[in-house]
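Please read the structure below before turning to the comments.
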Amino acid sequence: MRKRKKEVIGMDFQVTLDTLWVIIAGILVFFMNLGFATVESGFARSKNTVNILSKNFIVFAVSSLGFLLLGWGLMFGDGNGFIGLKGLFMASGADNSPAVGEAYRGVYTAISWAGVPFWAKFFFQLVFCGTAATIVSGVVAERIKYISFILFSFFLTLLVYPIVGHWVWGGGFLQSLGMLDFAGGTVVHSIGGWAGLTGAIILGPRIGKYTKDGKINPIPGHNLSMATIGAFVLWLGWFGFNPGSTMAANPVAISHILMTTNTAGILAVLTSTATAWLVIGKPDLGMSINGLLAGLVIITPCCAYVTIPAAMLLGAISGVLVVLAVIFFDRMKIDDPVGALAVHLVHGVLGTLAVGLFAKSGVAGIETENGLFYGGGFSLLGKQALGALCVGLFVCAASTIIWLLIKKTIGLRVSVKEEIEGLDIGEHGQQAYPEFASRSVSYTSIIRNLDDSEGKK
Amino acid sequence: MRKRKKEVIGMDFQVTLDTLWVIIAGILVFFMNLGFATVESGFARSKNTVNILSKNFIVFAVSSLGFLLLGWGLMFGDGNGFIGLKGLFMASGADNSPAVGEAYRGVYTAISWAGVPFWAKFFFQLVFCGTAATIVSGVVAERIKYISFILFSFFLTLLVYPIVGHWVWGGGFLQSLGMLDFAGGTVVHSIGGWAGLTGAIILGPRIGKYTKDGKINPIPGHNLSMATIGAFVLWLGWFGFNPGSTMAANPVAISHILMTTNTAGILAVLTSTATAWLVIGKPDLGMSINGLLAGLVIITPCCAYVTIPAAMLLGAISGVLVVLAVIFFDRMKIDDPVGALAVHLVHGVLGTLAVGLFAKSGVAGIETENGLFYGGGFSLLGKQALGALCVGLFVCAASTIIWLLIKKTIGLRVSVKEEIEGLDIGEHGQQAYPEFASRSVSYTSIIRNLDDSEGKK
Amino acid sequence: MRKRKKEVIGMDFQVTLDTLWVIIAGILVFFMNLGFATVESGFARSKNTVNILSKNFIVFAVSSLGFLLLGWGLMFGDGNGFIGLKGLFMASGADNSPAVGEAYRGVYTAISWAGVPFWAKFFFQLVFCGTAATIVSGVVAERIKYISFILFSFFLTLLVYPIVGHWVWGGGFLQSLGMLDFAGGTVVHSIGGWAGLTGAIILGPRIGKYTKDGKINPIPGHNLSMATIGAFVLWLGWFGFNPGSTMAANPVAISHILMTTNTAGILAVLTSTATAWLVIGKPDLGMSINGLLAGLVIITPCCAYVTIPAAMLLGAISGVLVVLAVIFFDRMKIDDPVGALAVHLVHGVLGTLAVGLFAKSGVAGIETENGLFYGGGFSLLGKQALGALCVGLFVCAASTIIWLLIKKTIGLRVSVKEEIEGLDIGEHGQQAYPEFASRSVSYTSIIRNLDDSEGKK
C-alpha cells in the first residue's frame, strides 16, 4: 500500500487540521443514520421492522446519489438568490479547494470559506442532506410503500433540500439578509419536519390509531433496547453535527459548541422525563429519548451563538414542549409514529427563532449580530422568523407536489391488508425476527373498530 | 452557517491538535454510556429492561448537571488538600485556558497543565465523572427505585466523585504525595465500585437470588446480543478513556497507551474464557465479556507507566481473578447482577496497586517514579495503597450516608410485588418488548422459595 | 494523572497529525469487529447466537496475540521476497519510528514510510489482520467447534496473513513487482475469503441446507435489527479502513478516498436492492446489506487510484454481482450462512483486478501506474492478476493444511445432535435470549429430510 506523499509535508498544517476535523465530524454525522434506523424501528411495531430498517438503510444511498447528481450544484453553485446555477451536475464545476478567500478560483464561492479539500466539503454537506431525508422516514412510517419513500427521498435531496440550503448557506437571499442557522435547525431539521408533515397529512394515519369515536390508541414500540441504542448513537452523532459545523478546527469554538450541545440535551432529558412523570404519570423512556432529541435540535441553529446558561434554558424548555407537542399532534390526528414532528419540526423552528433572542456575539469566538435579549432589538429575530417562514412555505409546497405526483402515479400507501399484516412481508417478503413468538398484540382488537375509510387514503 | 475565523490561523497548532484529541477522546468516552446501558440490560431480565435503559440514559444527564453545578469546582478549584474552594459554582471561575504553566491565570490551577480551551477540559472530565456514576447502576440493578437512583447519582457527581477527584487529580493530598492514577482506576472505577458495594449491601439481594437453604440461583441475562454490543462499545470507548487521559496529542504516549490498553484487554479475554471453561465447564460469554472489562480496568491506572509485557501479565491475571471475584461476591451474598464489583471495584484497586509494582519511568515518554519491580522499592507501592485505602474509606462512608438518607426519606427499594412483576411496568408503565412472548421463565419457580424478609429491605 | 510533556511542543506537527489520523482510523477499523459480530449473528439462527457472538468477540483477542507474538515480524520484518526474518518475536526488533526514509534505523523497513510511532503502526496493521480473521467466522458459522475456530484464527494471524501481507505490503515479491492493493482487497478480504472457502468445503454444509433431492432450503436470519446495526457499523468502520490506509493525514487523499468508498458503497446498495427486486421478486434487506459490503470491498484495493465515476461504476457492478454470487455458491452447495464469500472473496479479487483497469495516476494526489482504461496497457492488470492468483493459491493451500490438522486432532465440526439443538447450549451452556419464546421454526421440518451423511463430515 500507500507511499507517504512528500508534498504533504509542505502543506498548510491548518488545512490538515481542518480536514481531519471536518472528516471525523462528518463520519460521526453519517453514523446518525444508524441512530435514526434504530430509534424509528424500535418505536414502531415488529411487523414493520424490516421495512423501517430498509428505508433507513437505503435513504443514505438515495441521498448520496441525489446530492451528487444535482443537489450540491443547486445548493453551492454560484447563481442568484434563489438557486445555484453553475457546476450543477456531478459536483464537477471548477474548484481549487482548499484555497480560501481571494485565492479561491471556482464556482462554489459560497462555501469557499472552508479551507478543506473539495470532497471533504462535499461529504460533510452530504451527511447533512441525508439527515433531512431520514427525518421524513419516521413520520411516514408503518404505511408508506417502499418505492414511494425512495422516490420522495430522491427528489427531496436532488431538489428541495438543496434549494433551501442555497438560500441559507449557499449565498442565497436569506444568507444575504443575515439570517443565522449555525448547524441546520432550519435547513436540516425543519426541512425534514415540513416534508414529513405534508407526508403524514397526505398519507393519513395508521389504521386503528384514531377511532371513529375520537379515541387515540397508543401503539407502543416493539423494542426499546433498539430505540435506546439509537438515542445514544444520535447523541454521539450530534457531537459531530454541531461542533463540526465550524468546518474548521477552531479549538475555542468547537469546545464551546460541544458544551452548549450537550447541556441543552441533558436539560431536556431531565425536564421531559419530569414532564412525562407529571402529565402521563410515569417517567416514560420514549419521552426521555424524545426530550433529548428536542434539546439537541433546539440548540442546533444557535449552538455557536449562545451561552451555557442560555443552552440550559433552551434545553429545559424543549423538554417540556416536546411532550406537549407529541400530545398536540395526536389531538390533531396527525399520526407521527415516532414523534419526529414534535422533535425536528417544532424544535427546528423554535431553535431558529431562539437565535433571534439569545444570540450573543463572541461567546464561541464567533462574531454575530446580537439577539433581542442582548441588546440587538428585533432585527435578528425578524430575520429568523422570516427565514423559518419562507422555508416552511416552500418545503410544504414543494413536498406536497412531490407527494401528490407519487400518489397519482405509483401510489403512496400500502393496501389495508398489507398494513394490517405488516409491511415486512408485503414489501420485503421477510420478517425481522422469524423465530420469536408474538404475544397476542393489543392492536388486533383495535383493528376491529376499523373505520374502513382510514385505510383507503 | 459559520464563517472561518481569521484568528484561528494564527493560533498555536499544538493547542488545536491537543483540543482535537481531547474532544475526540471525550466523545469516545461519552459513548461508553451506550456500552454500560447495553451490557447491564443484556445481563439482566427483560422485565427490568426499560428501567435499566432509563437509568443508564438519565444518569449522564444527572451527572452533567451535578458536575456543572458544583462538581467541577470542588474537584479542580484552587483550595486545600481536601477540597476545591474557588470557582465552585457553574464552572464559572476565572480561567484563561488554553494558557498553560506560568501564563495561566485562573482558579483551576491543578488542571492548567492541559493546553486546551476550558470547555474541552470540562467535557473530558465530565465524561469521566459520568462513567463513575453509571458503574453504580449495574450493581444496584433490578431492585432500586428509579428516583432513588437518580438522587444518588446526583449527589455522587455533585460531591463524592469531585472530592476524591480533587485528592488525586485536583491538587489534593494524594497528588501531592505522589500517588499515580493515570486514567482513573481509583478515581473512576473504584469510586463507582465502592459506591455500588455500599448500595448493594444496603439494598440487599434480588428476591430469589439466594435462598434460605444457602443456594445461589443463577439469573441469566435476557439478551446476550445486547450485552455483546455493549462490550464492543466499551472496548471502543476505552481507546478514548486511556489514551485520551494524556489530554494532549502526544504521539508516542497515546500510541503506547493504546497498545497497553488493548493488550491487557485481550489477554484478559483469553484467560477469563479459559478460566470459565475450567471452573464452570463451558466458555461462558458473560465471563469473556467481564474478562475484557477487568483487563481494561486493571490497566487503566497504569496504562502510561507499564511496558507491553507487563500489560500482558496484568491482563492475564485479571482474566483469572474476575471469574473468582464474581464467585466470591456471590458467596458473600452481595448481589451484583452484572458483575460490576468484580470488574470495576476489584480491578480498579488492583490496577492502582499494580502501578506501585510495574511502573517504569519513560516507557511512554512520561517520566514517573519507578515501581517495586523496577528498582523503586516500596515507596510508590505504599502511596498507591494509601491512596486506594483513603478513597475506599471515604467513598464507603459518604455513599452509605447518602444511601441511608434516601432510604429514610423516599425509600430505596421497589415493593416485592413490583420487583416480581418487573420494574418496567411498576416504574415506567412500559415494556421493552411488548410484542414478544415470554418463555416460562426459570425464576418463577425460584420465587416460590421466597423468603419474604428479603424483599423488605 | 498526566503531566503535559514539554518535549511534545517541539515535535514535528506532521508526526502528530499523522498519528492522530492513524489511531482514529485504526479505532474505527477495530469497531468493525462489532459490525461483523452483529451482521453474522443477525443472519444466523437464534440457537447459535451466543456461539457466533463468542467467536467474533474472541477472534480479535486471538488475532492480537498471534500478530504480536510473530505475525508482525513475519509481515514487516526485513527479510526476503517471501517472508520477514528480522525482529520476528513480540514486535521487538530495533526501530526508531517515527523516523522515516533515510533517517529510519530499524528492521521494519518496509513500513518505515509511515511517519508515526511504532505502536501506532502496529495497532493499525493489527486491526487489519483481525478483520481477515473475522471474515472467516461468518463462512463457517453454525457448525464449527468453538475451540477449532479459535485455533484456526490463531494460525491464520500468526502465519498465513502475515506471510501474504509480506508479499504485498512488507517488501515482498508482489510489492517489488508493482502490484497495488491500497487498503487490502487482496490482503484482507481475499485472504479471509479463501480461508473461509476452504473451511466451508472441508466442514460441509449445515444440516438441512441442501436436501438429497437437490433442493436448497433458505435459512433466514433470526434478527435483522442486529444485522442492520452491523451493516451501519461496518460502513462507519470502512471510513477508517480505506482513508486510514494512507497512514498519513494527507487531506486531499483522505477526502478523495472517503468519497470513492462511500460512492461505491451506495451505488452497490441501490443496484443490489434492484437486482434482488428483479431476481428474487422483493427488495430483500439482506441483499441490500450484502450489496453495501460488496461495494465497499470492491473499492478497497482501488480507492486511492480511481475517479468518482469509476467508483460509481464499480459499485454498481458489485451490487449486481453479489446477488448472483450468493446464488452461485448456493448452487455449488458451498454453504456460507452470511454471504461472506460472495462479498469478501469475489469482490476482494475483483477489486484487485479493477485496479489494473481503472487506476489513474494522481486522482487522489498519489502517483501510480495507469490501468488499461487509462493508457497503461495490460501491464498493471497482469501484475494484479498474478498477485490475486498467488495469494489465492497460497492461502488455499495453507488454510487447507491448518483446517485438516485441526480436523485430524481435535475435530472441526460439532456433533449432529449439538448442531440441531444449537451451538449455544452445546458449546457455551447458554442461550442468547432465554426469556423469549420461539416460534415453531421452519427448519425443524427441514431436518426431517436430513441426510445423515451430511452431519458427519
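Each chain of the C-alpha cells is named A, B, ... in the order shown, its residues numbered from 1; ligands are numbered from 1 in display order.
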
Proximity check chain A to chain C, 8 Å, nearest pairs one decimal Å, only C-alpha atoms, as CSV:
```
residue,atom,partner,partner_atom,distance
A:Met1,CA,C:Phe182,CA,4.5
A:Arg2,CA,C:Thr246,CA,5.6
A:Lys3,CA,C:Trp113,CA,6.5
A:Arg4,CA,C:Trp113,CA,5.8
A:Lys5,CA,C:Ile366,CA,6.9
A:Val8,CA,C:Asn250,CA,5.9
A:Ile9,CA,C:Gln14,CA,6.9
A:Phe13,CA,C:Gln14,CA,7.7
A:Val15,CA,C:Pro251,CA,7.3
A:Thr16,CA,C:Pro251,CA,5.5
A:Leu17,CA,C:Leu17,CA,7.4
A:Thr19,CA,C:Pro251,CA,5.9
A:Leu20,CA,C:Trp21,CA,7.3
A:Ile23,CA,C:Ser255,CA,7.5
A:Ile27,CA,C:Leu236,CA,7.0
A:Phe30,CA,C:Leu236,CA,7.6
A:Phe31,CA,C:Leu236,CA,6.6
A:Asn33,CA,C:Phe232,CA,7.7
A:Leu34,CA,C:Phe232,CA,6.0
A:Thr38,CA,C:Ser225,CA,7.8
A:Thr49,CA,C:Ser225,CA,7.6
A:Val50,CA,C:Leu224,CA,6.9
A:Leu53,CA,C:Thr228,CA,6.9
A:Ser54,CA,C:Leu285,CA,5.9
A:Phe57,CA,C:Thr228,CA,7.9
A:Ile58,CA,C:Val269,CA,6.9
A:Phe60,CA,C:Ile266,CA,7.6
A:Ala61,CA,C:Ile266,CA,4.5
A:Val62,CA,C:Ile266,CA,7.6
A:Ser64,CA,C:Ile266,CA,7.1
A:Leu65,CA,C:Ile266,CA,7.7
A:Val116,CA,C:Pro251,CA,7.5
A:Pro117,CA,C:Val252,CA,5.7
A:Phe118,CA,C:Ser255,CA,7.7
A:Trp119,CA,C:Ser255,CA,5.2
A:Ala120,CA,C:Ser255,CA,5.0
A:Phe123,CA,C:Met259,CA,7.0
A:Met226,CA,C:Ser225,CA,7.9
A:Glu427,CA,C:Lys282,CA,6.8
A:His428,CA,C:Lys282,CA,5.2
A:Gly429,CA,C:Lys282,CA,6.3
A:Gln430,CA,C:Asp284,CA,7.3
A:Gln431,CA,C:Leu224,CA,8.0
A:Ala432,CA,C:Leu224,CA,4.9
A:Tyr433,CA,C:Asn223,CA,5.0
A:Pro434,CA,C:His222,CA,5.8
A:Glu435,CA,C:Arg439,CA,5.1
A:Phe436,CA,C:Ser438,CA,4.7
A:Ala437,CA,C:Arg439,CA,4.5
A:Ser438,CA,C:Arg439,CA,8.0
```

Could the residues in this selection be written to a file with C-alpha atoms, as a PDB file, in the first residue's frame?
```
ATOM      1  CA  MET A   1       0.000   0.000   0.000  1.00  0.00           C
ATOM      2  CA  ARG A   2       0.402   3.703   0.175  1.00  0.00           C
ATOM      3  CA  LYS A   3       3.571   5.656  -0.130  1.00  0.00           C
ATOM      4  CA  ARG A   4       3.891   8.694   2.068  1.00  0.00           C
ATOM      5  CA  LYS A   5       3.416  11.636  -0.226  1.00  0.00           C
ATOM      6  CA  VAL A   8       2.025  16.647   2.277  1.00  0.00           C
ATOM      7  CA  ILE A   9       4.977  17.723   4.373  1.00  0.00           C
ATOM      8  CA  PHE A  13      -0.983  22.440   8.772  1.00  0.00           C
ATOM      9  CA  VAL A  15      -5.679  22.696   6.128  1.00  0.00           C
ATOM     10  CA  THR A  16      -4.775  19.284   7.506  1.00  0.00           C
ATOM     11  CA  LEU A  17      -6.198  20.070  10.927  1.00  0.00           C
ATOM     12  CA  THR A  19      -9.725  18.426   7.126  1.00  0.00           C
ATOM     13  CA  LEU A  20      -9.257  15.917   9.919  1.00  0.00           C
ATOM     14  CA  ILE A  23     -13.970  14.396   8.070  1.00  0.00           C
ATOM     15  CA  ILE A  27     -18.249  10.450   9.874  1.00  0.00           C
ATOM     16  CA  PHE A  30     -23.042   9.721   8.968  1.00  0.00           C
ATOM     17  CA  PHE A  31     -23.383   7.356  11.922  1.00  0.00           C
ATOM     18  CA  ASN A  33     -28.206   7.042  10.121  1.00  0.00           C
ATOM     19  CA  LEU A  34     -27.887   4.100  12.486  1.00  0.00           C
ATOM     20  CA  THR A  38     -32.901   2.066  15.462  1.00  0.00           C
ATOM     21  CA  THR A  49     -39.230  -3.574  11.299  1.00  0.00           C
ATOM     22  CA  VAL A  50     -37.607  -4.847   8.104  1.00  0.00           C
ATOM     23  CA  LEU A  53     -34.638  -0.697   8.591  1.00  0.00           C
ATOM     24  CA  SER A  54     -34.657  -0.943   4.797  1.00  0.00           C
ATOM     25  CA  PHE A  57     -30.612   1.880   5.097  1.00  0.00           C
ATOM     26  CA  ILE A  58     -31.326   2.909   1.535  1.00  0.00           C
ATOM     27  CA  PHE A  60     -28.497   7.483   2.658  1.00  0.00           C
ATOM     28  CA  ALA A  61     -27.716   5.765  -0.631  1.00  0.00           C
ATOM     29  CA  VAL A  62     -30.503   7.657  -2.356  1.00  0.00           C
ATOM     30  CA  SER A  64     -25.846  10.402  -1.733  1.00  0.00           C
ATOM     31  CA  LEU A  65     -26.886   9.922  -5.328  1.00  0.00           C
ATOM     32  CA  VAL A 116     -10.517  21.903   3.191  1.00  0.00           C
ATOM     33  CA  PRO A 117     -10.294  19.790   0.033  1.00  0.00           C
ATOM     34  CA  PHE A 118     -13.349  19.690  -2.174  1.00  0.00           C
ATOM     35  CA  TRP A 119     -14.504  16.165  -1.340  1.00  0.00           C
ATOM     36  CA  ALA A 120     -14.256  16.868   2.387  1.00  0.00           C
ATOM     37  CA  PHE A 123     -19.002  14.708   2.244  1.00  0.00           C
ATOM     38  CA  MET A 226     -33.091  -0.731  19.906  1.00  0.00           C
ATOM     39  CA  GLU A 427     -42.890  -5.134   0.845  1.00  0.00           C
ATOM     40  CA  HIS A 428     -39.861  -7.328   1.539  1.00  0.00           C
ATOM     41  CA  GLY A 429     -41.031 -10.911   1.911  1.00  0.00           C
ATOM     42  CA  GLN A 430     -39.141 -11.152   5.175  1.00  0.00           C
ATOM     43  CA  GLN A 431     -39.581 -10.962   8.893  1.00  0.00           C
ATOM     44  CA  ALA A 432     -37.188  -9.213  11.250  1.00  0.00           C
ATOM     45  CA  TYR A 433     -37.460 -11.861  13.958  1.00  0.00           C
ATOM     46  CA  PRO A 434     -38.795 -15.024  12.294  1.00  0.00           C
ATOM     47  CA  GLU A 435     -38.006 -17.202  15.307  1.00  0.00           C
ATOM     48  CA  PHE A 436     -39.571 -15.163  18.111  1.00  0.00           C
ATOM     49  CA  ALA A 437     -43.155 -15.926  19.009  1.00  0.00           C
ATOM     50  CA  SER A 438     -45.554 -12.987  19.200  1.00  0.00           C
TER      51      SER A 438
END
```

Self-check item: Residues near Phe82 in chain B, cut-off 7 Å, only C-alpha atoms, skip fewer than 3 positions along chain, as a list of chain:residue names
Solution: B:Ile163, B:His166, B:Trp167, B:Gly172, B:Phe173

As a compact mmCIF listing (two decimals) with N, CA and C atoms, in the first residue's frame, please: the residues near range 404-415 of chain C (cut-off 7 Å, only C-alpha atoms, same-chain neighbours under 5 positions excluded).
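Listing of out-v2.txt after writing:
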```txt
# COMPACT_ATOMS: atom_id res chain seq x y z
N ARG C 143 -21.74 -24.36 12.63
CA ARG C 143 -21.39 -25.78 12.67
C ARG C 143 -19.98 -26.05 13.16
N ILE C 144 -19.15 -25.03 13.29
CA ILE C 144 -17.77 -25.27 13.69
C ILE C 144 -17.65 -25.26 15.22
N LYS C 145 -16.76 -26.10 15.72
CA LYS C 145 -16.48 -26.09 17.15
C LYS C 145 -15.78 -24.79 17.54
N SER C 148 -12.00 -25.05 17.76
CA SER C 148 -11.39 -25.23 16.44
C SER C 148 -11.29 -23.91 15.69
N LEU C 203 -15.66 -28.37 6.03
CA LEU C 203 -16.71 -28.57 7.03
C LEU C 203 -17.95 -29.20 6.42
```

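Using only C-alpha atoms, the residues found no farther than 7 Å from Gly87 in chain C, other than those of its own chain fewer than 6 positions away, are Gly73, Gly77, Gly93 and Val107 of chain C.
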
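Compared by their closest atoms to Asp12 in chain A, and using only C-alpha atoms, the residues A:Val391, A:Ile219, A:Ala99, A:Val59 rank with A:Ala99 nearest.
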
Exercise. Step one, run DSSP on the backbone; step two, keep only residues of range 52-104 of chain C assigned to helix (DSSP H, G or I); then write them as number ranges by chain.
Key: C: 52-76, 89-91, 101-103

Quiz item: Residues at most 9 Å from Ala354 in chain B, counting only C-alpha atoms, excluding those fewer than 6 positions away in the same chain, as a VMD selection string?
Solution: chain B and resid 298 to 299 301 to 302 314 371 381 384

Now that the selection is made, can you save its residues with C-alpha atoms as a PDB file, in the first residue's frame?
```pdb
ATOM      1  CA  ILE B 298      -6.704  -3.055  35.686  1.00  0.00           C
ATOM      2  CA  ILE B 299      -4.616  -1.342  33.014  1.00  0.00           C
ATOM      3  CA  PRO B 301      -4.402   3.462  36.248  1.00  0.00           C
ATOM      4  CA  CYS B 302      -1.100   2.105  34.897  1.00  0.00           C
ATOM      5  CA  LEU B 314      -1.724  -7.781  34.270  1.00  0.00           C
ATOM      6  CA  GLY B 371       7.642   0.714  40.989  1.00  0.00           C
ATOM      7  CA  LEU B 381       3.551   0.983  46.205  1.00  0.00           C
ATOM      8  CA  GLN B 384      -0.739   3.674  45.889  1.00  0.00           C
TER       9      GLN B 384
END
```

Quiz prompt | Selection: 8 Å around Arg105 in chain C, only C-alpha atoms, excl. self and same-chain fewer than 5 positions, as a PyMOL selection string | solution = chain C and resi 94-96+99

Quiz item: Near Val187 in chain C, counting only C-alpha atoms, which residues have an atom at most 7 Å away, once you skip same-chain residues fewer than 3 positions from it, shown as a ChimeraX atom specification?
Solution: /C:164-165,184,190-191

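Nearest residue to Val127 in chain C among C:Val160, C:Val22, C:Leu69, C:Leu177 is C:Val22, counting only C-alpha atoms.
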